[in-house]
Amino acid sequence: APVAIGLMLAVQIYTFGAVSGGFLNPAVTLAVLLSRREKILPQIAALYMAAQFLGGIVAGFMAFAGTETSFCYDFAVTKSFGTSFELEWFFSMALCGVVLAAGTSNDAPNQYFGFAIGCSVIGGALACGGFDQCSFNPAVTVGMNLANYANSN
């Protein structure tokens, strides 16, 4: 799954980069805003982040409705919320760093930015294997956890 997710992210970035700048993740949107590279206005960033969180929540519940199952951070595997938080934080920062370096630098748009961003997710997900949800996207994490809380099983 990590390779498929990373490759789909790369495809989505190449597909929607020209439309929305490829802002699919509120952590990335915030990083680009805070970089002060004038790639996004604060008002637009706030709207994007709200839409990203809404999309994550809707997707979490759609996945739950379609599969009748849910998943979330598994305490039985890691025995620590801190491990999950640390891995999400670290690899989200790595993802944001790759976006800032490859997607918003002075030589952007380049030909490799989508692939580099997708590969950062692949690498992070493979490195976290079994210790974390590996979403590296706060909107996805919120959406799947809300759906999991709604699951009475």
# chains A, B, ... in the order shown; residues from 1 in each chain; ligands from 1
$ select_by_dssp --residues "chain A" --states "alpha helix (DSSP H)" --output "ChimeraX atom specification"
/A:2-20,26-34,42-67,75-78,81-98,113-128,138-150
$ residues_around --residues "Asn106 of chain A" --least-positions-apart "3" --cutoff "12 Å" --atoms "only C-alpha atoms" --output "JSON, numbers by chain"
{"A": [37, 38, 39, 100, 101, 102, 103, 109, 110]}
$ closest_atom_pairs --of "segment 9-127 of chain A" --to "segment 140-150 of chain A" --cutoff "8 Å" --atoms "only C-alpha atoms" --output "CSV"
residue,atom,partner,partner_atom,distance
A:Phe53,CA,A:Gly143,CA,7.5
A:Gly56,CA,A:Gly143,CA,4.7
A:Ile57,CA,A:Gly143,CA,3.7
A:Val58,CA,A:Gly143,CA,6.9
A:Ala59,CA,A:Gly143,CA,6.7
A:Gly60,CA,A:Met144,CA,4.5
A:Phe61,CA,A:Ala147,CA,5.2
A:Phe64,CA,A:Ala147,CA,6.4
A:Ser70,CA,A:Asn148,CA,5.1
A:Phe71,CA,A:Asn148,CA,5.9
A:Cys72,CA,A:Asn145,CA,5.6
$ residues_around --residues "Val3 of chain A" --least-positions-apart "4" --cutoff "9 Å" --atoms "only C-alpha atoms" --output "JSON, numbers by chain"
{"A": [7, 8, 118, 119, 121, 122, 123, 125, 126]}
$ residues_around --residues "segment 82-98 of chain A" --least-positions-apart "5" --cutoff "6 Å" --atoms "only C-alpha atoms" --output "PyMOL selection string"
chain A and resi 28+120+124+132+136
$ write_last_selection --atoms "N, CA and C atoms" --output "PDB file, in the first residue's frame"
ATOM      1  N   VAL A  28       1.163  20.739   4.599  1.00  0.00           N
ATOM      2  CA  VAL A  28       1.913  21.302   3.481  1.00  0.00           C
ATOM      3  C   VAL A  28       1.431  22.722   3.187  1.00  0.00           C
ATOM      4  N   SER A 120       8.662  10.731  -0.993  1.00  0.00           N
ATOM      5  CA  SER A 120       8.843  11.023   0.431  1.00  0.00           C
ATOM      6  C   SER A 120       7.761  10.335   1.253  1.00  0.00           C
ATOM      7  N   GLY A 124       8.514   7.344   3.943  1.00  0.00           N
ATOM      8  CA  GLY A 124       8.016   7.481   5.305  1.00  0.00           C
ATOM      9  C   GLY A 124       7.108   6.337   5.706  1.00  0.00           C
ATOM     10  N   ASP A 132       2.568   3.063  12.956  1.00  0.00           N
ATOM     11  CA  ASP A 132       1.846   4.315  12.811  1.00  0.00           C
ATOM     12  C   ASP A 132       0.819   4.197  11.692  1.00  0.00           C
ATOM     13  N   PHE A 136       0.666  11.106   7.305  1.00  0.00           N
ATOM     14  CA  PHE A 136       1.456  12.329   7.129  1.00  0.00           C
ATOM     15  C   PHE A 136       0.579  13.468   6.623  1.00  0.00           C
TER      16      PHE A 136
END
$ closest_residue --among "A:Ile117, A:Leu24, A:Met62, A:Ala139" --to "Ala10 of chain A" --atoms "only C-alpha atoms"
A:Ile117
$ closest_residue --among "A:Leu47, A:Glu68, A:Pro2, A:Val32" --to "Cys128 of chain A" --atoms "only C-alpha atoms"
A:Pro2
